[in-house]
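Note: the block below is query11.csv and it holds CSV, C-alpha atoms.
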chain,number,residue,atom,x,y,z
G,141,MET,CA,-235.0,28.0,-17.2
G,142,GLN,CA,-238.4,27.4,-18.8
G,143,LYS,CA,-238.2,23.7,-18.1
G,144,ILE,CA,-237.2,24.2,-14.4
G,145,VAL,CA,-239.3,27.2,-13.4
G,146,ARG,CA,-242.2,26.3,-15.6
G,147,GLU,CA,-245.5,28.1,-14.6
G,148,ARG,CA,-243.7,30.3,-12.0
G,149,LEU,CA,-242.2,32.3,-14.8
G,150,PRO,CA,-243.9,35.7,-15.3
G,151,LYS,CA,-245.9,36.0,-18.5
G,152,PHE,CA,-245.8,39.1,-20.8
G,153,THR,CA,-248.1,40.2,-23.4
G,154,LYS,CA,-246.7,41.1,-26.9
G,155,SER,CA,-247.1,44.8,-26.1
G,156,GLU,CA,-245.3,44.4,-22.8
G,157,VAL,CA,-242.5,42.6,-24.6
G,158,GLU,CA,-242.1,45.5,-27.0
G,159,LYS,CA,-242.0,48.0,-24.1
G,160,VAL,CA,-239.2,46.3,-22.2
G,161,LYS,CA,-237.2,45.2,-25.2
G,162,ASN,CA,-233.9,47.1,-25.3
G,163,SER,CA,-235.3,49.5,-22.7
G,164,PHE,CA,-232.2,49.7,-20.5
G,165,ASP,CA,-229.7,52.6,-20.8
G,166,ILE,CA,-226.7,50.8,-19.3
G,167,LEU,CA,-225.8,47.3,-18.2
G,168,CYS,CA,-223.9,47.2,-14.9
G,169,LEU,CA,-221.7,44.2,-14.1
G,170,ASN,CA,-220.3,43.2,-10.7
G,171,HIS,CA,-217.3,40.9,-11.3
G,172,TYR,CA,-214.9,39.5,-8.7
G,173,THR,CA,-214.1,35.9,-9.7
G,174,SER,CA,-215.1,33.0,-11.9
G,175,TYR,CA,-216.2,29.4,-11.4
G,176,TYR,CA,-216.6,26.3,-13.5
G,177,ILE,CA,-220.3,25.5,-13.9
G,178,TYR,CA,-221.5,21.9,-14.4
G,179,LYS,CA,-224.7,20.0,-14.7
G,180,PRO,CA,-225.5,18.5,-11.3
G,181,HIS,CA,-227.4,15.5,-12.8
G,182,GLN,CA,-230.1,15.8,-10.2
G,183,PRO,CA,-233.9,15.9,-10.7
G,184,PRO,CA,-235.5,19.3,-10.3
G,185,SER,CA,-236.1,20.1,-6.6
G,186,ASN,CA,-239.5,20.0,-5.1
G,187,VAL,CA,-238.6,23.1,-3.0
G,188,ASN,CA,-238.9,26.4,-4.7
G,189,GLY,CA,-235.9,28.7,-4.4
G,190,TYR,CA,-233.5,31.0,-6.2
G,191,GLN,CA,-230.6,28.6,-6.0
G,192,GLN,CA,-232.7,25.6,-6.8
G,193,ASP,CA,-233.9,27.3,-10.0
G,194,TRP,CA,-230.3,27.5,-11.2
G,195,ASN,CA,-230.0,23.7,-11.3
G,196,ALA,CA,-226.2,24.2,-11.7
G,197,GLY,CA,-223.1,23.1,-9.8
G,198,PHE,CA,-220.2,25.4,-9.1
G,199,ALA,CA,-216.5,24.3,-8.9
G,200,TYR,CA,-213.2,26.1,-8.2
G,201,GLU,CA,-211.1,23.5,-9.9
G,202,ARG,CA,-211.2,21.0,-12.7
G,203,ASN,CA,-209.2,17.8,-12.8
G,204,GLY,CA,-207.5,18.9,-9.7
G,205,VAL,CA,-206.3,22.2,-11.2
G,206,PRO,CA,-207.7,25.4,-9.5
G,207,ILE,CA,-209.4,27.9,-11.8
G,208,GLY,CA,-207.1,30.6,-10.7
G,209,ARG,CA,-204.8,31.5,-7.8
G,210,ARG,CA,-205.6,32.5,-4.3
G,211,VAL,CA,-202.1,32.6,-3.1
G,212,ILE,CA,-199.7,35.3,-4.2
G,213,ILE,CA,-196.0,34.9,-3.3
G,214,VAL,CA,-194.5,38.1,-1.9
G,215,GLN,CA,-191.0,37.0,-1.1
G,216,LEU,CA,-189.7,40.1,-2.8
G,217,TYR,CA,-191.3,42.2,-0.1
G,218,HIS,CA,-190.2,40.0,2.7
G,219,LYS,CA,-187.2,42.3,3.7
G,220,LEU,CA,-189.5,45.4,3.5
G,221,PHE,CA,-191.8,44.0,6.1
G,222,GLN,CA,-188.9,42.9,8.2
G,223,SER,CA,-187.5,46.4,8.1
G,224,ILE,CA,-190.6,47.8,9.6
G,225,GLY,CA,-190.8,45.1,12.2
G,226,GLN,CA,-194.0,43.5,10.8
G,227,MET,CA,-194.9,40.1,9.3
G,228,SER,CA,-191.4,38.7,9.9
G,229,ASN,CA,-192.6,35.3,9.0
G,230,LEU,CA,-194.6,36.4,5.9
G,231,GLN,CA,-194.5,33.9,3.1
G,232,GLU,CA,-197.7,34.4,1.1
G,233,MET,CA,-200.9,36.4,0.9
G,234,GLN,CA,-204.3,35.7,-0.5
G,235,ALA,CA,-207.8,37.0,-0.7
G,236,HIS,CA,-209.6,36.8,2.6
G,237,SER,CA,-212.8,35.5,1.1
G,238,GLU,CA,-212.5,31.8,0.4
G,239,TRP,CA,-214.6,32.1,-2.8
G,240,LEU,CA,-212.4,34.8,-4.3
G,241,TYR,CA,-209.9,33.3,-6.7
G,242,GLU,CA,-207.9,35.5,-9.0
G,243,VAL,CA,-209.2,34.7,-12.5
G,244,PRO,CA,-208.5,37.7,-14.8
G,245,TRP,CA,-209.6,36.0,-18.0
G,246,GLY,CA,-213.0,35.7,-16.5
G,247,MET,CA,-213.3,39.4,-16.8
G,248,TYR,CA,-212.7,39.3,-20.5
G,249,LYS,CA,-215.1,36.4,-21.0
G,250,ALA,CA,-217.9,38.0,-19.0
G,251,VAL,CA,-217.7,41.4,-20.8
G,252,THR,CA,-217.3,39.9,-24.3
G,253,TYR,CA,-220.3,37.6,-23.6
G,254,VAL,CA,-222.5,40.5,-22.7
G,255,LYS,CA,-221.3,42.3,-25.8
G,256,LYS,CA,-222.1,39.4,-28.1
G,257,ARG,CA,-225.3,38.2,-26.4
G,258,TYR,CA,-227.0,41.6,-25.9
G,259,GLY,CA,-225.9,43.6,-29.0
G,260,SER,CA,-222.9,45.6,-27.6
G,261,PRO,CA,-224.8,47.6,-24.9
G,262,ASN,CA,-223.2,50.3,-22.8
G,263,ILE,CA,-221.4,48.5,-20.0
G,264,ILE,CA,-220.2,49.8,-16.6
G,265,LEU,CA,-218.2,47.6,-14.3
G,266,SER,CA,-219.9,48.5,-11.1
G,267,GLU,CA,-217.9,46.4,-8.7
G,268,ASN,CA,-214.5,44.7,-9.0
G,269,GLY,CA,-212.0,44.0,-6.2
G,270,MET,CA,-210.6,41.7,-3.5
G,271,ASP,CA,-210.4,41.7,0.3
G,272,ASP,CA,-207.9,41.3,3.1
G,273,PRO,CA,-208.6,40.1,6.6
G,274,GLY,CA,-210.0,42.7,8.9
G,275,ASN,CA,-207.6,41.9,11.6
G,276,LEU,CA,-204.4,42.7,9.7
G,277,THR,CA,-202.2,45.2,11.5
G,278,PHE,CA,-202.1,48.8,10.2
G,279,PRO,CA,-198.7,48.4,8.4
G,280,GLU,CA,-199.7,45.0,7.0
G,281,SER,CA,-202.9,46.6,5.5
G,282,LEU,CA,-201.1,49.4,3.8
G,283,TYR,CA,-198.7,47.2,1.8
G,284,ASP,CA,-201.5,45.5,-0.2
G,285,ILE,CA,-199.4,44.2,-3.1
G,286,ASN,CA,-201.8,41.3,-3.7
G,287,ARG,CA,-204.5,43.9,-4.3
G,288,VAL,CA,-202.3,45.7,-6.8
G,289,SER,CA,-201.6,42.5,-8.6
G,290,PHE,CA,-205.3,41.7,-8.7
G,291,TYR,CA,-206.3,45.1,-10.2
G,292,ARG,CA,-203.5,45.1,-12.7
G,293,SER,CA,-204.4,41.7,-14.1
G,294,TYR,CA,-208.1,42.4,-14.2
G,295,LEU,CA,-207.8,45.8,-15.8
G,296,LYS,CA,-205.6,44.3,-18.5
G,297,GLU,CA,-208.3,41.9,-19.4
G,298,LEU,CA,-210.9,44.6,-19.3
G,299,LYS,CA,-208.8,46.7,-21.7
G,300,ARG,CA,-208.4,43.6,-24.0
G,301,ALA,CA,-212.2,43.3,-24.1
G,302,MET,CA,-212.6,46.9,-25.0
G,303,ASP,CA,-209.9,46.6,-27.7
G,304,ASP,CA,-212.1,43.7,-29.1
G,305,GLY,CA,-215.1,46.0,-29.3
G,306,ALA,CA,-216.8,45.9,-25.9
G,307,ASN,CA,-218.5,49.2,-25.2
G,308,VAL,CA,-217.3,49.8,-21.6
G,309,THR,CA,-217.8,53.4,-20.4
G,310,GLY,CA,-217.2,53.1,-16.7
G,311,TYR,CA,-215.3,51.2,-14.0
G,312,PHE,CA,-215.7,51.2,-10.2
G,313,ALA,CA,-213.2,49.5,-7.9
G,314,TRP,CA,-214.7,47.9,-4.8
G,315,SER,CA,-214.0,49.7,-2.7
G,316,ILE,CA,-212.4,53.1,-2.2
G,317,LEU,CA,-212.7,52.7,1.6
G,318,ASP,CA,-212.7,49.8,4.0
G,319,ASN,CA,-216.4,49.5,4.9
G,320,PHE,CA,-219.0,47.4,6.7
G,321,GLU,CA,-219.4,44.4,4.4
G,322,TRP,CA,-222.9,43.1,4.1
G,323,LEU,CA,-222.0,39.5,5.1
G,324,LEU,CA,-218.6,39.9,6.8
G,325,GLY,CA,-219.0,43.2,8.6
G,326,TYR,CA,-215.6,44.6,9.7
G,327,THR,CA,-213.8,41.2,9.4
G,328,SER,CA,-213.1,42.0,5.7
G,329,ARG,CA,-211.3,44.9,4.1
G,330,PHE,CA,-211.9,45.6,0.4
G,331,GLY,CA,-210.7,49.3,0.4
G,332,LEU,CA,-208.0,51.1,-1.4
G,333,VAL,CA,-207.9,53.3,1.7
G,334,TYR,CA,-207.4,51.9,5.2
G,335,VAL,CA,-210.0,53.1,7.7
G,336,ASP,CA,-209.2,53.0,11.4
G,337,HIS,CA,-212.4,51.8,13.0
G,338,ASN,CA,-211.5,53.4,16.3
G,339,ASP,CA,-211.2,57.0,15.1
G,340,LEU,CA,-212.3,56.7,11.4
G,341,LYS,CA,-209.0,58.2,10.2
G,342,ARG,CA,-208.1,57.2,6.6
G,343,TYR,CA,-204.8,56.1,5.2
G,344,PRO,CA,-204.2,55.4,1.5
G,345,LYS,CA,-202.9,51.9,0.8
G,346,LEU,CA,-200.3,51.0,-1.8
G,347,SER,CA,-203.1,50.1,-4.2
G,348,ALA,CA,-204.5,53.7,-3.9
G,349,TYR,CA,-201.1,55.1,-5.0
G,350,TRP,CA,-200.9,52.5,-7.8
G,351,PHE,CA,-204.3,53.6,-9.1
G,352,LYS,CA,-203.2,57.2,-9.0
G,353,GLN,CA,-200.0,56.5,-10.9
G,354,MET,CA,-201.8,54.3,-13.4
G,355,LEU,CA,-204.4,57.0,-14.1
G,356,GLU,CA,-201.8,59.7,-14.5

Would you put the structure from the file into structure tokens?
Amino acid sequence: MQKIVRERLPKFTKSEVEKVKNSFDILCLNHYTSYYIYKPHQPPSNVNGYQQDWNAGFAYERNGVPIGRRVIIVQLYHKLFQSIGQMSNLQEMQAHSEWLYEVPWGMYKAVTYVKKRYGSPNIILSENGMDDPGNLTFPESLYDINRVSFYRSYLKELKRAMDDGANVTGYFAWSILDNFEWLLGYTSRFGLVYVDHNDLKRYPKLSAYWFKQMLE
């Protein structure tokens, strides 16, 4: 960072360093997916910008192998959807966002990295979840087994990190309700609870019932 950003980095006096050192109460992590990071082998950009300062490349696969899965086979539920007259040709489901691969081990690595790098701070997972397309029918949205699979796998890895000493004191699923996403608007549904955008009525999805059972 010092080589890339150079003189644009803020400068702190010794007293200011002492004031801000270890001054946070909690460290909040938003975690959805993971990428492979590689050196782009490009000279520093002449244009200043947040992404230019990274000087890093992102990849979803290595040697042709994806970092995680986007597609979740749901053949076991095929007959269920047929019985309610929906999704008769259903073969597979995936996260709506193209960048969102299911990489549970990334949760473990992120949390344990923070633990080791910053002296085991108080960590809260402030966002974690996956989305479905906003145009799914009402019955399709309720049977969100791919979301259940996502949460189950990520929470297992979070628990493993805690068992290995990570000081995690809070977790927030994103999101309790289908909402207006900041980039995708109503075309994406992250909620555990389905929201009818016409009358704003709310209906718990399968994932909401799974969370209830898991917490009990």

>> To one decimal place in Å, what is the distance between atom CA of Asn162 of chain G and atom CA of Met302 of chain G?
In response: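 About the pair atom CA of Asn162 of chain G and atom CA of Met302 of chain G: they are 21.3 Å apart.
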
> Pick the closest to Gly246 of chain G from G:Asn188, G:Gln353, G:Thr173, G:Ser163: which is it, counting all atoms listed in the file?
Replying inline: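 With all atoms listed in the file as the atom set, the closest residue is G:Thr173.
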
>> One decimal, in Å: what's the spacing between atom CA of Leu149 of chain G and atom CA of Lys179 of chain G?
In response: 21.4 Å

> With only C-alpha atoms as the basis for distance, which of G:Thr153, G:Thr277, G:Ser315, G:Thr309 is at the shortest distance from Tyr172 of chain G?
Replying inline: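 Answer, going by the shortest atom-to-atom distance: G:Ser315.
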
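With atom CA of Gly310 of chain G on one side and atom CA of Asn170 of chain G on the other, the separation reads 12.0 Å.
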
>> Could you list, as a PyMOL selection string, every residue within 8 Å of segment 328-338 of chain G, counting only C-alpha atoms and ignoring same-chain residues fewer than 2 positions away?
In response: chain G and resi 236-237+269-274+278+281-282+314-319+321+324-326+340-348

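Comparing G:His171, G:Ser185, G:Gly197, G:Gly204 by their smallest distance to Leu295 of chain G, the closest is G:His171 (using only C-alpha atoms).
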
> When distances are computed from only C-alpha atoms, which of G:Lys143, G:Lys255, G:Arg148, G:Arg209 shows the smallest separation from Asn195 of chain G?
Replying inline: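 Checking each candidate against Asn195 of chain G, we get G:Lys143 as the closest.
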
Show which residues sit within 12 Å of Met141 of chain G, as an mmCIF file with C-alpha atoms, keeping the file's coordinate frame. Count all atoms listed in the file, and ignore same-chain residues fewer than 4 positions away.
data_model
loop_
_atom_site.group_PDB
_atom_site.id
_atom_site.type_symbol
_atom_site.label_atom_id
_atom_site.label_comp_id
_atom_site.auth_asym_id
_atom_site.auth_seq_id
_atom_site.Cartn_x
_atom_site.Cartn_y
_atom_site.Cartn_z
ATOM 1 C CA VAL G 145 -239.300 27.200 -13.400
ATOM 2 C CA ARG G 146 -242.200 26.300 -15.600
ATOM 3 C CA GLU G 147 -245.500 28.100 -14.600
ATOM 4 C CA ARG G 148 -243.700 30.300 -12.000
ATOM 5 C CA LEU G 149 -242.200 32.300 -14.800
ATOM 6 C CA PRO G 150 -243.900 35.700 -15.300
ATOM 7 C CA PRO G 184 -235.500 19.300 -10.300
ATOM 8 C CA TYR G 190 -233.500 31.000 -6.200
ATOM 9 C CA GLN G 192 -232.700 25.600 -6.800
ATOM 10 C CA ASP G 193 -233.900 27.300 -10.000
ATOM 11 C CA TRP G 194 -230.300 27.500 -11.200
ATOM 12 C CA ASN G 195 -230.000 23.700 -11.300
ATOM 13 C CA ALA G 196 -226.200 24.200 -11.700
#

> For Thr327 of chain G, which residue out of G:Ile166, G:Leu276, G:Val205, G:Ala199 is the nearest one, using all atoms listed in the file?
Replying inline: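 Ranked by minimum distance to Thr327 of chain G, first place goes to G:Leu276.
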
>> Calculated over only C-alpha atoms, which of the candidates G:Cys168, G:Lys151, G:Asp339, G:Ile144 has the smallest distance to Gly189 of chain G?
In response: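 Between G:Cys168, G:Lys151, G:Asp339, G:Ile144, the residue approaching Gly189 of chain G most closely is G:Ile144.
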
> Hey, what's within 12 Å of Tyr253 of chain G if we count all atoms listed in the file and toss same-chain stuff fewer than 6 positions away? As number ranges by chain, please?
Replying inline: G: 169, 246-247, 259-261, 263, 301, 304-307
